[in-house]
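**Student:** Input run-v6.cif, format and content: mmCIF, C-alpha atoms.
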```
data_model
#
loop_
_atom_site.group_PDB
_atom_site.id
_atom_site.type_symbol
_atom_site.label_atom_id
_atom_site.label_comp_id
_atom_site.auth_asym_id
_atom_site.auth_seq_id
_atom_site.Cartn_x
_atom_site.Cartn_y
_atom_site.Cartn_z
ATOM 1 C CA MET A 1 101.989 32.041 -67.957
ATOM 2 C CA ARG A 2 99.898 30.904 -64.981
ATOM 3 C CA LYS A 3 101.957 33.078 -62.621
ATOM 4 C CA LEU A 4 101.586 36.031 -64.947
ATOM 5 C CA SER A 5 97.827 35.551 -65.094
ATOM 6 C CA THR A 6 97.667 35.499 -61.293
ATOM 7 C CA LEU A 7 99.711 38.678 -61.039
ATOM 8 C CA VAL A 8 97.486 40.365 -63.584
ATOM 9 C CA GLY A 9 94.425 39.286 -61.617
ATOM 10 C CA LEU A 10 95.822 40.581 -58.321
ATOM 11 C CA GLY A 11 96.700 43.853 -59.952
ATOM 12 C CA ALA A 12 93.200 44.183 -61.336
ATOM 13 C CA LEU A 13 91.762 43.405 -57.905
ATOM 14 C CA ALA A 14 93.850 46.104 -56.244
ATOM 15 C CA ALA A 15 92.923 48.612 -58.917
ATOM 16 C CA ALA A 16 89.258 47.761 -58.706
ATOM 17 C CA PHE A 17 89.028 48.191 -54.959
ATOM 18 C CA ALA A 18 90.980 51.422 -55.186
ATOM 19 C CA ALA A 19 87.977 52.916 -56.998
ATOM 20 C CA PRO A 20 85.486 54.663 -54.627
ATOM 21 C CA SER A 21 82.497 52.819 -56.107
ATOM 22 C CA ALA A 22 84.020 49.394 -55.405
ATOM 23 C CA LEU A 23 84.566 50.173 -51.732
ATOM 24 C CA ALA A 24 80.842 50.386 -51.186
ATOM 25 C CA GLY A 25 79.847 47.286 -53.160
ATOM 26 C CA LYS A 26 81.071 43.999 -54.530
ATOM 27 C CA LEU A 27 83.117 42.672 -57.399
ATOM 28 C CA TYR A 28 82.818 39.779 -59.780
ATOM 29 C CA LYS A 29 85.812 37.507 -60.142
ATOM 30 C CA TRP A 30 85.889 35.502 -63.346
ATOM 31 C CA THR A 31 88.305 33.807 -65.725
ATOM 32 C CA ASP A 32 88.303 34.294 -69.489
ATOM 33 C CA GLU A 33 88.921 31.667 -72.164
ATOM 34 C CA LYS A 34 92.696 32.293 -71.957
ATOM 35 C CA GLY A 35 92.805 31.587 -68.229
ATOM 36 C CA VAL A 36 93.251 35.232 -67.210
ATOM 37 C CA ILE A 37 91.471 36.201 -63.997
ATOM 38 C CA HIS A 38 89.386 39.398 -64.117
ATOM 39 C CA TYR A 39 87.692 41.554 -61.504
ATOM 40 C CA SER A 40 84.846 43.868 -62.458
ATOM 41 C CA GLU A 41 81.872 45.619 -60.906
ATOM 42 C CA THR A 42 79.556 43.934 -63.426
ATOM 43 C CA MET A 43 79.892 40.891 -65.615
ATOM 44 C CA PRO A 44 80.734 41.914 -69.191
ATOM 45 C CA THR A 45 78.209 40.858 -71.831
ATOM 46 C CA GLU A 46 80.700 38.536 -73.482
ATOM 47 C CA ALA A 47 81.347 36.799 -70.135
ATOM 48 C CA LYS A 48 77.808 36.669 -68.734
ATOM 49 C CA ASP A 49 77.551 32.920 -69.282
ATOM 50 C CA ARG A 50 80.870 32.115 -67.593
ATOM 51 C CA SER A 51 81.194 31.006 -63.981
ATOM 52 C CA SER A 52 82.033 33.776 -61.503
ATOM 53 C CA THR A 53 82.508 34.532 -57.807
ATOM 54 C CA GLU A 54 81.058 37.564 -56.061
ATOM 55 C CA ILE A 55 83.421 39.002 -53.435
ATOM 56 C CA ASP A 56 83.252 41.909 -51.015
ATOM 57 C CA LYS A 57 85.787 44.709 -50.596
ATOM 58 C CA ARG A 58 87.935 42.485 -48.363
ATOM 59 C CA GLY A 59 88.078 39.725 -50.930
ATOM 60 C CA ARG A 60 85.685 37.465 -49.058
ATOM 61 C CA THR A 61 83.422 35.219 -51.111
ATOM 62 C CA LEU A 62 79.779 36.266 -51.088
ATOM 63 C CA ARG A 63 78.392 33.886 -53.680
ATOM 64 C CA LYS A 64 79.507 31.578 -56.471
ATOM 65 C CA ASN A 65 77.689 31.636 -59.778
ATOM 66 C CA ASP A 66 77.848 28.581 -62.007
ATOM 67 C CA ALA A 67 78.423 28.902 -65.718
ATOM 68 C CA ALA A 68 75.316 28.839 -67.907
ATOM 69 C CA LEU A 69 74.471 25.398 -69.226
ATOM 70 C CA THR A 70 75.157 24.653 -72.870
ATOM 71 C CA PRO A 71 72.249 23.524 -75.107
ATOM 72 C CA ASP A 72 73.634 19.975 -75.000
ATOM 73 C CA GLN A 73 73.759 20.044 -71.195
ATOM 74 C CA VAL A 74 70.203 21.374 -70.991
ATOM 75 C CA ARG A 75 69.048 18.657 -73.389
ATOM 76 C CA ALA A 76 70.842 15.992 -71.362
ATOM 77 C CA ILE A 77 69.173 17.186 -68.154
ATOM 78 C CA GLU A 78 65.737 17.163 -69.801
ATOM 79 C CA ASP A 79 66.346 13.694 -71.236
ATOM 80 C CA ASP A 80 67.380 12.439 -67.797
ATOM 81 C CA LYS A 81 64.216 13.906 -66.248
ATOM 82 C CA GLU A 82 62.068 12.197 -68.877
ATOM 83 C CA ARG A 83 63.901 8.907 -68.349
ATOM 84 C CA ARG A 84 63.402 9.071 -64.580
ATOM 85 C CA LYS A 85 59.753 9.995 -65.044
ATOM 86 C CA SER A 86 59.243 7.048 -67.378
ATOM 87 C CA GLU A 87 60.974 4.669 -64.960
ATOM 88 C CA GLU A 88 58.860 5.886 -62.040
ATOM 89 C CA LYS A 89 55.719 5.418 -64.120
ATOM 90 C CA GLN A 90 56.759 1.875 -65.028
ATOM 91 C CA VAL A 91 57.464 1.032 -61.386
ATOM 92 C CA ALA A 92 54.069 2.398 -60.323
ATOM 93 C CA GLU A 93 52.308 0.466 -63.092
ATOM 94 C CA GLN A 94 54.096 -2.766 -62.152
ATOM 95 C CA LYS A 95 53.109 -2.284 -58.521
ATOM 96 C CA ARG A 96 49.489 -1.751 -59.544
ATOM 97 C CA ARG A 97 49.524 -4.927 -61.645
ATOM 98 C CA ASP A 98 51.134 -6.933 -58.860
ATOM 99 C CA ASN A 99 48.509 -5.808 -56.352
ATOM 100 C CA ALA A 100 45.726 -6.646 -58.802
ATOM 101 C CA LEU A 101 47.228 -10.086 -59.372
ATOM 102 C CA LEU A 102 47.437 -10.869 -55.663
ATOM 103 C CA ASN A 103 43.929 -9.530 -55.059
ATOM 104 C CA THR A 104 42.465 -11.607 -57.918
ATOM 105 C CA TYR A 105 44.065 -15.015 -57.275
ATOM 106 C CA THR A 106 44.991 -16.981 -54.189
ATOM 107 C CA THR A 107 46.530 -20.019 -55.880
ATOM 108 C CA GLU A 108 48.197 -20.898 -59.174
ATOM 109 C CA SER A 109 45.378 -23.313 -59.989
ATOM 110 C CA GLU A 110 42.945 -20.384 -60.031
ATOM 111 C CA ILE A 111 45.072 -18.777 -62.737
ATOM 112 C CA ASP A 112 45.009 -22.034 -64.710
ATOM 113 C CA ASP A 113 41.208 -22.117 -64.457
ATOM 114 C CA ALA A 114 40.910 -18.514 -65.632
ATOM 115 C CA ARG A 115 43.253 -19.309 -68.528
ATOM 116 C CA THR A 116 41.128 -22.280 -69.561
ATOM 117 C CA ARG A 117 37.919 -20.230 -69.513
ATOM 118 C CA ALA A 118 39.419 -17.377 -71.510
ATOM 119 C CA LEU A 119 40.944 -19.678 -74.115
ATOM 120 C CA SER A 120 37.753 -21.724 -74.394
ATOM 121 C CA GLY A 121 35.706 -18.722 -75.508
ATOM 122 C CA ALA A 122 38.407 -17.469 -77.876
ATOM 123 C CA THR A 123 38.901 -20.939 -79.357
ATOM 124 C CA GLN A 124 35.186 -21.351 -80.029
ATOM 125 C CA ALA A 125 35.162 -17.998 -81.797
ATOM 126 C CA LEU A 126 38.192 -19.091 -83.841
ATOM 127 C CA GLN A 127 36.467 -22.302 -84.865
ATOM 128 C CA ALA A 128 33.420 -20.338 -86.017
ATOM 129 C CA ILE A 129 35.626 -18.135 -88.183
ATOM 130 C CA GLU A 130 37.391 -21.172 -89.612
ATOM 131 C CA ALA A 131 33.986 -22.654 -90.544
ATOM 132 C CA ARG A 132 33.043 -19.435 -92.329
ATOM 133 C CA GLN A 133 36.366 -19.504 -94.129
ATOM 134 C CA LYS A 134 35.784 -23.063 -95.316
ATOM 135 C CA SER A 135 32.341 -22.129 -96.594
ATOM 136 C CA SER A 136 33.752 -19.027 -98.287
ATOM 137 C CA ARG A 137 36.396 -21.031 -100.095
ATOM 138 C CA ALA A 138 33.810 -23.535 -101.269
ATOM 139 C CA LYS A 139 31.676 -20.707 -102.629
ATOM 140 C CA ILE A 140 34.632 -19.183 -104.475
ATOM 141 C CA ASP A 141 35.521 -22.569 -105.958
ATOM 142 C CA GLY A 142 31.922 -22.965 -107.165
ATOM 143 C CA LEU A 143 31.897 -19.514 -108.749
ATOM 144 C CA LYS A 144 35.188 -20.204 -110.472
ATOM 145 C CA LYS A 145 33.770 -23.450 -111.860
ATOM 146 C CA GLN A 146 30.764 -21.591 -113.206
ATOM 147 C CA ALA A 147 33.005 -19.013 -114.871
ATOM 148 C CA GLY A 148 35.078 -21.843 -116.347
ATOM 149 C CA ASP A 149 31.964 -23.463 -117.762
ATOM 150 C CA TRP A 150 30.964 -20.249 -119.513
ATOM 151 C CA LYS A 151 34.442 -19.903 -120.992
ATOM 152 C CA ALA A 152 34.446 -23.558 -122.067
ATOM 153 C CA LYS A 153 31.302 -22.865 -124.062
ATOM 154 C CA GLY A 154 33.027 -19.950 -125.708
ATOM 155 C CA LYS A 155 30.676 -17.486 -124.061
ATOM 156 C CA PRO A 156 31.559 -14.408 -121.986
ATOM 157 C CA VAL A 157 31.195 -14.683 -118.236
ATOM 158 C CA PRO A 158 28.001 -12.860 -117.144
ATOM 159 C CA GLU A 159 28.522 -9.567 -115.284
ATOM 160 C CA SER A 160 26.385 -10.801 -112.420
ATOM 161 C CA LEU A 161 28.738 -13.765 -111.967
ATOM 162 C CA LYS A 162 31.764 -11.497 -112.051
ATOM 163 C CA GLU A 163 30.219 -9.230 -109.413
ATOM 164 C CA GLU A 164 29.316 -12.200 -107.227
ATOM 165 C CA SER A 165 32.871 -13.536 -107.524
ATOM 166 C CA ALA A 166 34.361 -10.138 -106.599
ATOM 167 C CA ALA A 167 32.077 -9.924 -103.555
ATOM 168 C CA ALA A 168 33.082 -13.464 -102.527
ATOM 169 C CA ASP A 169 36.762 -12.520 -102.788
ATOM 170 C CA ARG A 170 36.196 -9.459 -100.600
ATOM 171 C CA GLU A 171 34.378 -11.555 -98.025
ATOM 172 C CA ALA A 172 37.212 -14.100 -98.050
ATOM 173 C CA ALA A 173 39.767 -11.353 -97.414
ATOM 174 C CA LYS A 174 37.649 -10.035 -94.535
ATOM 175 C CA ILE A 175 37.402 -13.489 -92.986
ATOM 176 C CA ALA A 176 41.164 -13.997 -93.324
ATOM 177 C CA THR A 177 41.742 -10.759 -91.399
ATOM 178 C CA GLU A 178 39.312 -11.818 -88.668
ATOM 179 C CA LEU A 179 41.056 -15.177 -88.440
ATOM 180 C CA GLN A 180 44.473 -13.577 -88.045
ATOM 181 C CA THR A 181 43.143 -11.181 -85.415
ATOM 182 C CA LYS A 182 41.616 -14.017 -83.402
ATOM 183 C CA GLU A 183 44.788 -16.117 -83.634
ATOM 184 C CA THR A 184 46.798 -13.154 -82.340
ATOM 185 C CA GLU A 185 44.281 -12.706 -79.515
ATOM 186 C CA ILE A 186 44.687 -16.336 -78.461
ATOM 187 C CA ALA A 187 48.492 -16.087 -78.557
ATOM 188 C CA ASN A 188 48.325 -12.956 -76.406
ATOM 189 C CA LEU A 189 45.993 -14.655 -73.927
ATOM 190 C CA LYS A 190 48.388 -17.575 -73.538
ATOM 191 C CA GLN A 191 51.291 -15.187 -73.040
ATOM 192 C CA LYS A 192 49.318 -13.135 -70.498
ATOM 193 C CA TYR A 193 48.318 -16.075 -68.330
ATOM 194 C CA ASP A 194 51.793 -17.599 -68.509
ATOM 195 C CA TYR A 195 53.219 -14.283 -67.312
ATOM 196 C CA ASP A 196 50.577 -13.914 -64.598
ATOM 197 C CA LYS A 197 51.296 -17.390 -63.273
ATOM 198 C CA ASN A 198 55.072 -16.877 -63.163
ATOM 199 C CA ARG A 199 54.723 -13.420 -61.627
ATOM 200 C CA PHE A 200 52.233 -14.698 -59.052
ATOM 201 C CA ARG A 201 54.700 -17.417 -58.089
ATOM 202 C CA GLU A 202 57.465 -14.819 -57.654
ATOM 203 C CA LEU A 203 55.306 -12.526 -55.513
ATOM 204 C CA VAL A 204 54.155 -15.356 -53.274
ATOM 205 C CA ALA A 205 57.764 -16.488 -52.813
ATOM 206 C CA VAL A 206 58.735 -12.966 -51.728
ATOM 207 C CA GLN A 207 55.868 -12.834 -49.245
ATOM 208 C CA LYS A 208 56.985 -16.089 -47.660
ATOM 209 C CA LYS A 209 60.492 -14.811 -46.979
#
```
Would you give me this structure, written as structure tokens?
**Tutor:**
Amino acid sequence: MRKLSTLVGLGALAAAFAAPSALAGKLYKWTDEKGVIHYSETMPTEAKDRSSTEIDKRGRTLRKNDAALTPDQVRAIEDDKERRKSEEKQVAEQKRRDNALLNTYTTESEIDDARTRALSGATQALQAIEARQKSSRAKIDGLKKQAGDWKAKGKPVPESLKEESAAADREAAKIATELQTKETEIANLKQKYDYDKNRFRELVAVQKK
């Protein structure tokens, strides 16, 4: 079958160049889905996306045309470009951070001092929130006791007491959120300075080599 396809292709080539119009121009050589080689003055519509070779009247190659990319291939190329772009951005950002680290500190002890200062302020703020939380809980307990006293007397709880209790609950929820936020901030600070210290040590070691 392969030999037959080749013979068919050679026959088509001879016939194509026998035409007066082909002698003055070029031909396209391409292979269809069945492996049959074709020669034509223009690429047929149904074969426009296939790879082809442009040849002159002596059969010499003028140019090779690659097959059109499939949607999956195009998507893969775009994904690869985005991945490379993201990697380059990460490398540039890491370099910027490294330079800032080396320009900010000269020793590991300086990082420890900065860590202590940062955590001191955050810890004081945390303690203030914890004090507010303690006071809030005490207030809620007092309001609950008052409501219990009214119920013990067989009387309905006053609306003003209910409203005050609802407001106290809202304040307690707000304080709990602030407390969680501050605790997360402190954990992030510890992680940051631990990373900075280890990274600084690595960079200094590289410089000494």
**Student:** Would you work out the distance separating CA of Val91 (chain A) from CA of Glu185 (chain A), expressed in Å to one decimal?
**Tutor:**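 CA of Glu185 (chain A) lies 26.3 Å from CA of Val91 (chain A).
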**Student:** Could you write out as a PDB file with C-alpha atoms, in the frame of the given file the residues that the PyMOL selection byres ((chain A and resi 147) around 9) matches in the shown file?
**Tutor:**
```
ATOM      1  CA  GLY A 142      31.922 -22.965-107.165  1.00  0.00           C
ATOM      2  CA  LEU A 143      31.897 -19.514-108.749  1.00  0.00           C
ATOM      3  CA  LYS A 144      35.188 -20.204-110.472  1.00  0.00           C
ATOM      4  CA  LYS A 145      33.770 -23.450-111.860  1.00  0.00           C
ATOM      5  CA  GLN A 146      30.764 -21.591-113.206  1.00  0.00           C
ATOM      6  CA  GLY A 148      35.078 -21.843-116.347  1.00  0.00           C
ATOM      7  CA  ASP A 149      31.964 -23.463-117.762  1.00  0.00           C
ATOM      8  CA  TRP A 150      30.964 -20.249-119.513  1.00  0.00           C
ATOM      9  CA  LYS A 151      34.442 -19.903-120.992  1.00  0.00           C
ATOM     10  CA  ALA A 152      34.446 -23.558-122.067  1.00  0.00           C
ATOM     11  CA  PRO A 156      31.559 -14.408-121.986  1.00  0.00           C
ATOM     12  CA  VAL A 157      31.195 -14.683-118.236  1.00  0.00           C
ATOM     13  CA  PRO A 158      28.001 -12.860-117.144  1.00  0.00           C
ATOM     14  CA  LEU A 161      28.738 -13.765-111.967  1.00  0.00           C
ATOM     15  CA  LYS A 162      31.764 -11.497-112.051  1.00  0.00           C
TER      16      LYS A 162
END
```
**Student:** Each residue of region 59-164 of chain A lying at most 10 Å from region 188-208 of chain A should get a row with its shortest atom-to-atom pair and the distance in Å to one decimal, counting only C-alpha atoms; could you produce that, ordered by chain and increasing number, as a tab-separated table?
**Tutor:**
```
residue	atom	partner	partner_atom	distance
A:Arg97	CA	A:Asp196	CA	9.5
A:Asp98	CA	A:Leu203	CA	7.7
A:Asn99	CA	A:Leu203	CA	9.6
A:Leu101	CA	A:Phe200	CA	6.8
A:Leu102	CA	A:Phe200	CA	7.0
A:Tyr105	CA	A:Phe200	CA	8.4
A:Thr106	CA	A:Phe200	CA	9.0
A:Thr107	CA	A:Phe200	CA	8.4
A:Glu108	CA	A:Lys197	CA	6.2
A:Ser109	CA	A:Lys197	CA	9.0
A:Glu110	CA	A:Lys197	CA	9.4
A:Ile111	CA	A:Lys197	CA	6.4
A:Asp112	CA	A:Tyr193	CA	7.7
A:Ala114	CA	A:Tyr193	CA	8.3
A:Arg115	CA	A:Tyr193	CA	6.0
A:Thr116	CA	A:Lys190	CA	9.5
A:Ala118	CA	A:Leu189	CA	7.5
A:Leu119	CA	A:Leu189	CA	7.1
A:Ala122	CA	A:Leu189	CA	9.0
```
**Student:** Just the residues within 10 Å of Thr42 (chain A), please, counting only C-alpha atoms, with nothing from its chain fewer than 2 positions along; format it as a PDB file with C-alpha atoms, keeping the file's coordinate frame.
**Tutor:**
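Result file follows (result-v1.pdb):
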```
ATOM      1  CA  LYS A  26      81.071  43.999 -54.530  1.00  0.00           C
ATOM      2  CA  LEU A  27      83.117  42.672 -57.399  1.00  0.00           C
ATOM      3  CA  TYR A  28      82.818  39.779 -59.780  1.00  0.00           C
ATOM      4  CA  LYS A  29      85.812  37.507 -60.142  1.00  0.00           C
ATOM      5  CA  TYR A  39      87.692  41.554 -61.504  1.00  0.00           C
ATOM      6  CA  SER A  40      84.846  43.868 -62.458  1.00  0.00           C
ATOM      7  CA  PRO A  44      80.734  41.914 -69.191  1.00  0.00           C
ATOM      8  CA  THR A  45      78.209  40.858 -71.831  1.00  0.00           C
ATOM      9  CA  ALA A  47      81.347  36.799 -70.135  1.00  0.00           C
ATOM     10  CA  LYS A  48      77.808  36.669 -68.734  1.00  0.00           C
ATOM     11  CA  GLU A  54      81.058  37.564 -56.061  1.00  0.00           C
TER      12      GLU A  54
END
```
**Student:** Counting all atoms listed in the file, write as number ranges by chain all protein and nucleic acid residues lying at most 9 Å from (88.1, 26.4, -63.6) in the file's frame.
**Tutor:** A: 31, 35, 51
**Student:** Do a neighbour search on Thr177 (chain A) at 12 Å with all atoms listed in the file, toss out local chain neighbours closer than 6 positions, and write the hits as a PyMOL selection string.
**Tutor:** chain A and resi 126+129-130+133+170-171+183-184
